[in-house]
Every structure is written in C-alpha cells, then in structure tokens.
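J.: Structure supplied as data09.txt; contents: compact mmCIF, C-alpha atoms and all ligand atoms.
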```txt
# COMPACT_ATOMS: atom_id res chain seq x y z
CA MET A 29 8.36 -4.03 -18.07
CA LEU A 30 11.77 -3.47 -16.56
CA ILE A 31 12.92 -0.49 -14.60
CA ALA A 32 14.29 2.00 -17.08
CA ASN A 33 17.96 2.76 -17.23
CA GLU A 34 19.70 5.63 -15.46
CA GLU A 35 19.14 8.00 -18.36
CA SER A 36 15.35 7.88 -18.22
CA SER A 37 13.74 10.93 -16.69
CA GLY A 38 10.50 11.72 -14.84
CA SER A 39 8.68 9.70 -12.18
CA PHE A 40 7.39 7.05 -14.51
CA GLY A 41 10.75 6.54 -16.19
CA SER A 42 11.71 4.33 -13.25
CA PHE A 43 8.71 2.04 -13.32
CA PRO A 44 7.23 -0.68 -15.51
CA GLU A 45 3.96 0.11 -17.31
CA PRO A 46 0.94 -0.38 -15.01
CA ILE A 47 -1.71 -2.98 -15.83
CA ASN A 48 -5.41 -2.26 -15.32
CA VAL A 49 -6.75 -4.79 -12.82
CA ALA A 50 -10.46 -4.33 -12.09
CA GLY A 51 -10.20 -0.59 -12.63
CA ALA A 52 -6.99 0.03 -10.68
CA PRO A 53 -3.56 0.47 -12.30
CA VAL A 54 -1.14 -2.07 -10.80
CA MET A 55 2.63 -2.08 -11.40
CA PRO A 56 3.79 -5.52 -12.51
CA PHE A 57 6.93 -5.54 -10.41
CA THR A 58 8.72 -8.83 -10.84
CA SER A 59 10.36 -8.76 -7.40
CA TYR A 60 10.64 -6.74 -4.20
CA GLU A 61 14.13 -5.78 -5.33
CA GLN A 62 12.69 -4.13 -8.42
CA ALA A 63 10.19 -2.15 -6.33
CA LEU A 64 12.94 -1.17 -3.87
CA ALA A 65 15.18 -0.04 -6.74
CA ALA A 66 12.34 2.14 -8.06
CA ILE A 67 11.86 3.70 -4.63
CA GLU A 68 15.60 4.23 -4.22
CA ARG A 69 15.67 6.09 -7.50
CA THR A 70 12.73 8.34 -6.60
CA VAL A 71 14.25 9.18 -3.21
CA GLU A 72 17.63 9.93 -4.74
CA ARG A 73 16.01 12.19 -7.32
CA ARG A 74 13.84 13.81 -4.63
CA GLU A 75 10.73 12.99 -6.66
CA LYS A 76 7.43 12.94 -4.79
CA THR A 77 5.51 9.70 -5.10
CA PHE A 78 2.41 8.20 -3.53
CA TRP A 79 2.27 4.40 -3.48
CA VAL A 80 -0.90 2.53 -2.78
CA ALA A 81 -1.46 -1.15 -1.99
CA ILE A 82 -4.18 -2.66 -4.18
CA ASN A 83 -6.24 -5.57 -2.91
CA PRO A 84 -9.71 -6.95 -3.70
CA GLN A 85 -11.26 -5.10 -0.73
CA LYS A 86 -10.02 -1.77 -2.02
CA CYS A 87 -11.09 -2.49 -5.61
CA PHE A 88 -14.50 -3.70 -4.48
CA ARG A 89 -15.05 -0.54 -2.46
CA ALA A 90 -13.71 1.64 -5.28
CA TRP A 91 -16.31 0.18 -7.66
CA ARG A 92 -18.94 1.75 -5.42
CA GLU A 93 -17.10 4.87 -4.29
CA ARG A 94 -15.98 7.05 -7.16
CA PRO A 95 -13.56 9.16 -5.04
CA LEU A 96 -11.67 6.00 -4.06
CA MET A 97 -11.49 4.81 -7.68
CA ASP A 98 -10.20 8.25 -8.68
CA LEU A 99 -7.62 8.09 -5.91
CA LEU A 100 -6.37 4.66 -7.00
CA ASN A 101 -5.96 6.05 -10.50
CA ARG A 102 -4.23 9.22 -9.34
CA ALA A 103 -1.64 7.46 -7.14
CA ASP A 104 1.80 7.18 -8.72
CA VAL A 105 2.22 3.46 -8.07
CA GLY A 106 -0.26 0.73 -7.24
CA ILE A 107 1.30 -2.45 -5.87
CA CYS A 108 -0.21 -5.91 -6.01
CA ASP A 109 -1.02 -6.29 -2.32
CA GLY A 110 -3.61 -9.06 -2.47
CA VAL A 111 -3.46 -12.52 -3.95
CA GLY A 112 -6.92 -11.83 -5.41
CA VAL A 113 -5.45 -9.02 -7.52
CA SER A 114 -2.72 -11.33 -8.75
CA ILE A 115 -5.31 -13.95 -9.76
CA ALA A 116 -7.54 -11.28 -11.33
CA ALA A 117 -4.60 -10.13 -13.47
CA LYS A 118 -4.17 -13.70 -14.70
CA ILE A 119 -7.88 -14.04 -15.49
CA LEU A 120 -8.12 -10.66 -17.22
CA HIS A 121 -4.77 -10.45 -18.97
CA GLY A 122 -3.31 -13.96 -18.99
CA ASN A 123 -0.41 -13.16 -16.65
CA ARG A 124 -0.28 -13.15 -12.88
CA ILE A 125 1.34 -10.13 -11.28
CA LYS A 126 3.81 -11.03 -8.57
CA ARG A 127 2.69 -9.88 -5.16
CA VAL A 128 4.50 -6.98 -3.54
CA THR A 129 2.53 -6.42 -0.35
CA GLY A 130 2.44 -3.12 1.52
CA CYS A 131 3.45 -4.77 4.78
CA ASP A 132 6.40 -6.66 3.24
CA LEU A 133 7.53 -3.60 1.32
CA PHE A 134 7.48 -1.63 4.59
CA PHE A 135 9.66 -4.19 6.36
CA ARG A 136 12.05 -4.44 3.39
CA LEU A 137 12.35 -0.67 3.03
CA LEU A 138 13.46 -0.16 6.62
CA PRO A 139 16.88 -1.86 6.33
CA LEU A 140 17.43 0.01 3.06
CA ALA A 141 16.49 3.27 4.80
CA ALA A 142 18.96 2.47 7.60
CA GLN A 143 21.69 1.71 5.07
CA LYS A 144 21.00 4.88 3.05
CA SER A 145 20.44 7.02 6.15
CA TRP A 146 17.01 8.07 4.88
CA GLY A 147 14.71 9.75 7.38
CA VAL A 148 11.57 7.77 8.22
CA TYR A 149 8.33 9.15 9.69
CA LEU A 150 5.76 6.84 11.26
CA LEU A 151 2.24 8.24 11.25
CA GLY A 152 -0.62 6.17 12.60
CA ALA A 153 -1.78 3.43 15.01
CA SER A 154 -2.49 3.98 18.70
CA PRO A 155 0.00 6.03 20.77
CA GLU A 156 1.21 2.81 22.49
CA SER A 157 1.57 0.87 19.25
CA ASN A 158 3.27 3.77 17.45
CA GLY A 159 5.75 4.34 20.31
CA CYS A 160 6.49 0.66 20.74
CA ALA A 161 6.88 0.12 16.98
CA SER A 162 9.46 2.91 16.64
CA GLU A 163 11.37 1.59 19.64
CA LYS A 164 11.45 -1.96 18.31
CA LEU A 165 12.28 -0.91 14.76
CA ARG A 166 15.22 1.20 15.97
CA GLN A 167 16.53 -1.86 17.80
CA LYS A 168 15.93 -4.19 14.88
CA TYR A 169 17.53 -1.96 12.24
CA PRO A 170 20.58 -0.29 13.77
CA GLY A 171 21.16 3.11 12.21
CA LEU A 172 17.50 3.54 11.24
CA ARG A 173 16.70 7.25 11.41
CA ILE A 174 13.11 7.53 12.63
CA VAL A 175 12.92 11.30 12.45
CA GLY A 176 9.32 11.64 13.59
CA CYS A 177 6.33 9.77 15.00
CA GLN A 178 2.68 10.60 15.46
CA ASP A 179 -0.18 8.31 16.42
CA GLY A 180 -3.18 8.08 14.11
CA TYR A 181 -5.73 9.69 16.43
CA PHE A 182 -5.38 13.42 15.87
CA ASP A 183 -7.69 16.32 15.00
CA ASP A 184 -5.38 18.85 13.42
CA SER A 185 -4.00 17.53 10.14
CA ALA A 186 -2.31 20.85 9.33
CA LYS A 187 -0.22 20.56 12.49
CA VAL A 188 0.70 16.98 11.64
CA VAL A 189 1.80 18.01 8.13
CA GLU A 190 3.85 20.80 9.68
CA HIS A 191 5.52 18.32 12.05
CA ILE A 192 6.23 15.90 9.19
CA ASN A 193 7.90 18.60 7.12
CA ALA A 194 9.88 19.93 10.08
CA SER A 195 11.18 16.37 10.66
CA LYS A 196 12.39 16.17 7.03
CA PRO A 197 11.62 12.51 6.34
CA ASP A 198 12.40 10.84 3.02
CA LEU A 199 9.83 8.11 3.65
CA LEU A 200 6.41 8.63 5.21
CA PHE A 201 4.45 5.54 6.26
CA VAL A 202 0.82 6.05 7.23
CA ALA A 203 -0.91 3.32 9.25
CA MET A 204 -4.49 4.49 9.81
CA GLY A 205 -6.43 1.72 8.08
CA SER A 206 -7.74 1.65 4.53
CA PRO A 207 -8.92 3.74 2.84
CA THR A 208 -8.63 6.48 5.53
CA GLN A 209 -4.85 6.49 5.23
CA GLU A 210 -4.94 6.75 1.42
CA PHE A 211 -7.41 9.64 1.51
CA TRP A 212 -5.29 11.39 4.13
CA ILE A 213 -2.12 11.02 2.05
CA SER A 214 -3.89 12.08 -1.13
CA LYS A 215 -5.33 15.19 0.52
CA HIS A 216 -1.98 16.30 1.90
CA ARG A 217 0.45 14.85 -0.64
CA GLU A 218 1.26 18.14 -2.24
CA ALA A 219 2.00 19.84 1.08
CA ILE A 220 4.14 16.97 2.36
CA ASN A 221 7.78 17.19 1.34
CA ALA A 222 8.67 13.50 1.88
CA SER A 223 9.73 11.77 -1.29
CA PHE A 224 7.84 8.52 -0.72
CA CYS A 225 4.43 8.11 0.96
CA MET A 226 2.51 4.88 1.42
CA GLY A 227 -0.34 3.58 3.56
CA VAL A 228 0.65 0.46 5.47
CA GLY A 229 -2.53 -0.52 7.36
CA GLY A 230 -1.79 -2.61 10.42
CA SER A 231 2.00 -2.78 9.88
CA PHE A 232 2.88 -0.67 12.95
CA ASP A 233 0.77 -3.03 15.07
CA VAL A 234 2.79 -5.91 13.63
CA ALA A 235 6.07 -4.05 14.29
CA SER A 236 5.05 -3.28 17.87
CA GLY A 237 3.96 -6.87 18.47
CA MET A 238 0.35 -5.81 19.12
CA ALA A 239 -0.86 -7.73 16.09
CA LYS A 240 0.33 -11.08 14.90
CA ARG A 241 1.43 -11.51 11.33
CA ALA A 242 0.37 -14.61 9.48
CA PRO A 243 3.11 -17.28 9.67
CA ALA A 244 5.36 -17.67 6.62
CA VAL A 245 3.43 -20.65 5.26
CA PHE A 246 0.27 -18.50 4.93
CA ARG A 247 2.20 -15.57 3.46
CA LYS A 248 3.98 -17.73 0.90
CA THR A 249 0.75 -19.34 -0.25
CA GLY A 250 -1.20 -16.08 -0.32
CA THR A 251 -3.61 -17.30 2.35
CA GLU A 252 -3.07 -14.66 5.05
CA TRP A 253 -6.81 -14.02 4.78
CA LEU A 254 -7.41 -17.57 6.07
CA PHE A 255 -5.10 -17.01 9.03
CA GLN A 256 -6.79 -13.69 9.81
CA LEU A 257 -10.19 -15.29 9.52
CA MET A 258 -9.16 -18.03 11.94
CA THR A 259 -7.58 -15.68 14.47
CA GLN A 260 -9.99 -12.71 14.25
CA PRO A 261 -13.23 -14.20 12.80
CA THR A 262 -15.63 -11.42 13.79
CA ARG A 263 -13.35 -8.57 12.72
CA ARG A 264 -12.30 -10.10 9.42
CA PHE A 265 -15.38 -11.94 8.20
CA ARG A 266 -17.02 -8.96 6.47
CA ARG A 267 -13.80 -8.03 4.70
CA GLN A 268 -13.26 -11.51 3.34
CA THR A 269 -16.79 -11.78 1.97
CA VAL A 270 -15.86 -9.45 -0.90
CA TYR A 271 -13.62 -12.09 -2.49
CA VAL A 272 -16.51 -14.00 -4.03
CA PRO A 273 -18.31 -11.04 -5.68
CA PHE A 274 -14.91 -9.60 -6.67
CA MET A 275 -13.90 -12.79 -8.45
CA LEU A 276 -17.34 -13.30 -10.00
CA ARG A 277 -17.20 -9.85 -11.56
CA VAL A 278 -13.65 -10.41 -12.81
CA VAL A 279 -14.61 -13.76 -14.34
CA GLY A 280 -17.73 -12.11 -15.81
CA ALA A 281 -15.61 -9.41 -17.46
CA ARG A 282 -13.30 -12.10 -18.86
CA LEU A 283 -16.18 -14.15 -20.24
CA ALA A 284 -17.72 -11.04 -21.77
CA GLY A 285 -14.35 -10.32 -23.35
CA THR A 286 -14.25 -6.82 -21.89
CA ASN A 287 -11.29 -7.39 -19.54
CA GLY A 288 -9.44 -4.14 -18.81
CA SER A 289 -11.81 -2.02 -20.88
CA THR A 290 -14.75 -2.71 -18.57
CA GLN A 291 -16.27 0.27 -16.78
CA TRP A 292 -15.67 -1.11 -13.30
CA SER A 293 -17.37 1.59 -11.31
CA LEU A 294 -20.78 0.61 -9.98
CA ASP A 295 -21.56 4.16 -8.93
CA PRO A 296 -25.18 4.66 -10.11
CA ALA A 297 -24.24 8.16 -11.28
CA GLU A 298 -21.85 6.53 -13.73
CA GLU A 299 -24.35 4.19 -15.30
N1 LIG B 1 -5.95 3.68 13.05
C1 LIG B 1 -5.48 4.96 13.22
N2 LIG B 1 -6.38 6.01 13.21
C2 LIG B 1 -7.71 5.81 13.00
C3 LIG B 1 -8.17 4.50 12.79
C4 LIG B 1 -7.27 3.44 12.81
O1 LIG B 1 -4.30 5.19 13.39
O2 LIG B 1 -8.45 6.80 13.00
C5 LIG B 1 -4.99 2.57 13.08
C6 LIG B 1 -5.30 1.45 14.02
O3 LIG B 1 -4.88 1.79 15.34
C7 LIG B 1 -4.51 0.31 13.42
C8 LIG B 1 -4.54 0.64 11.91
O4 LIG B 1 -4.97 1.98 11.80
O5 LIG B 1 -3.18 0.37 13.86
C9 LIG B 1 -5.52 -0.20 11.09
O6 LIG B 1 -5.07 -1.47 10.94
P1 LIG B 1 -5.85 -2.51 10.02
O7 LIG B 1 -5.21 -3.83 10.20
O8 LIG B 1 -7.33 -2.40 10.27
O9 LIG B 1 -5.50 -1.91 8.57
P2 LIG B 1 -6.21 -2.27 7.19
O10 LIG B 1 -6.48 -3.75 7.21
O11 LIG B 1 -7.46 -1.44 7.13
O12 LIG B 1 -5.24 -1.85 6.14
```
Here is a file; write its structure as structure tokens.

T.:
Amino acid sequence: MLIANEESSGSFGSFPEPINVAGAPVMPFTSYEQALAAIERTVERREKTFWVAINPQKCFRAWRERPLMDLLNRADVGICDGVGVSIAAKILHGNRIKRVTGCDLFFRLLPLAAQKSWGVYLLGASPESNGCASEKLRQKYPGLRIVGCQDGYFDDSAKVVEHINASKPDLLFVAMGSPTQEFWISKHREAINASFCMGVGGSFDVASGMAKRAPAVFRKTGTEWLFQLMTQPTRRFRRQTVYVPFMLRVVGARLAGTNGSTQWSLDPAEE
C-alpha cells in the first residue's frame, strides 16, 4: 500500500494498489503527502499520467454510461474525491479510504510546482474566472510558473492541444465540469505532452474568488455537499440526490456478498 521505493519502475511502481469501489479503481492514498510524492515522481520521470477524482456522482453516472465507466478504469489514478466513496470503501471492503479531493490536491500541488519550477497550464472556466485565477495564483504562490491559460469555452480542441504543448507544461489542470473535462483529457491525453493531467471541476472559480469554497468545518467533516446545498440549492439538489441510490446499491452489494466483484454497470446492453 505504500509508495514503492526509488528502484521501482513504470507508472504503477510509484502507487499503492487501487481498490475497486463501486466499479471504479481508487488509490488508497494515506495522505496528501503520499499523493504529492507520487506525482513528484511521475513528473521527474517524465511519465504521462491521467488522474481522475472519483465521487458518488461520477460512479452513479458511470453505472449508466459505459464510456464513463471505461474512462474511470482507463485513467492511471483515481483519487477518493467524495466522502461517499470513502464510506462505500468501508462498507464494501472493511476499510475507509482517506479522502484526497481534486480541489485540495490542486491547491497543494501549486506550492510544490512553484518550489520545483514546474510549468502549470490552466485550461477551463470562463475567460474572466480563468484570467483572475491565474493572476491570484501567481500572487499567492510566488515563483509559480503558469506557462499557459485557456478558458473552457472553445471550439477547436486541436488548437488548444497545440497551445498546451507549445507552452511545455508539466501539470495540466482542466476545469470544465465533470465528466466533460475527463472525456476531453482522455481524448487528447496521448497528444498532450504534459506529465500530469487532472480535471479539477470548479477549482478555478474558487481560485478566482467567483465561487465560495465550503468553510473548513464542512471540509473536515466531509459535508461540503451540505454547504453547497445550502448556498446553491437549485443548482446542487439534483447532484446530491444520487447519494441515496448510490449508498443503497453499495449496501445491497455488501449484503449480497458480492462487494467488488459486482457488475456495477447498469447499461442495459451489459445485462
Ligand atoms: N466550464 C467550462 N466549459 C464548459 C462548461 C463548464 O470551462 O463547456 C467550467 C465552468 O465555467 C466552471 C466549471 O467548468 O468553471 C464547472 O464547475 P463545477 O463546479 O460545475 O464542476 P463540477 O462540480 O462539475 O466538477
């Protein structure tokens, strides 16, 4: 379960073994430091990795959309983004997986990127939010090399990929909402030269100040969903409704004793 030693080779040599949570492989990182160390190693080795944040909403949708389930299984690293995934791991396998959220990983990677002089590319959000986020992040993390920016409302993906590669980033963050951002990364991963790619949802809006992050008390207790529901009820209500059917299915799999071996996909073509 620990990051392998310096001698290990290949992308997966640096990571713990993933655990199947509701159909998606999730890395049981024990701390942010462990995840950061894994990223540092992949960047230093110039390996290409695609990280994806796993939460109940994404799993729930992937049960119905085979291409999304395939994507979650093709990504190099799935992180435990949602408290529901952590609880599901406990129900299915007896151990909770510590949360390593996409948003927190983003904000913890930036000072490391500044320290290591890694190039960072910010793709996504509105032009105002993207511009304001890069400005504020440069101020917040002196030395941070934001080598390229592009808002998330574009038509020509080939041109964007060209711009990314010309900017030579080590880290590419894509903030275009889920699962659009994951599909975009997956489609272009091979053509993109950046070592590390990850979708970060609304994180640029948080960085720019256009969206409010849940206060620490909600983040620490895994109840950001409650804060979001209180502050943006109409926008968030539909998303939060998946928690109940997600948990019911997980509990059902546990009671049936099928746990990780369950065929999670609900795609009628699969049944
Ligand atoms: N967005 C984008 N391009 C699009 C649609 C959305 O760049 O075509 C951006 C949007 O401006 C916002 C982010 O994607 O900054 C979505 O944030 P949200 O909090 O909805 O992310 P999620 O919860 O889906 O991960």

J.: Neighbours of ligand LIG 1 (chain B) at 7 Å or closer, counting all atoms listed in the file: which residues, as a PyMOL selection string?

T.: chain A and resi 152-154+179-181+203-207+228-230+232-233

J.: Counting only C-alpha atoms, what are the residues of region 118-209 of chain A within 7 Å of region 51-67 of chain A, and for each of them which pair of atoms is the nearest and at what distance in Å, to one decimal? Sort the table by chain and rising number, as CSV.

T.:
```
residue,atom,partner,partner_atom,distance
A:Ile125,CA,A:Pro56,CA,5.4
A:Lys126,CA,A:Thr58,CA,5.8
A:Val128,CA,A:Tyr60,CA,6.2
A:Leu137,CA,A:Leu64,CA,6.9
```

J.: Would you please work out which residue, of A:Phe78, A:Ala281, A:Ser236, A:Leu150, is nearest to His216 (chain A) when using all atoms listed in the file?

T.: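 Of all the options, A:Phe78 lies closest to His216 (chain A).
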
J.: Please identify all polymer residues within 12 Å of Pro170 (chain A), counting all atoms listed in the file, omitting same-chain residues fewer than 3 positions from it, and present them as an NGL selection string.

T.: :A and (138-145 or 162-167 or 173-174)

J.: Work out how far CA of Met258 (chain A) is from CA of Lys168 (chain A), in Å to one decimal.

T.: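 These two atoms are separated by 28.8 Å.
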
J.: Excluding same-chain residues fewer than 6 positions from Trp253 (chain A), what lies within 9 Å of it counting all atoms listed in the file, as number ranges by chain?

T.: A: 242, 246, 264, 268
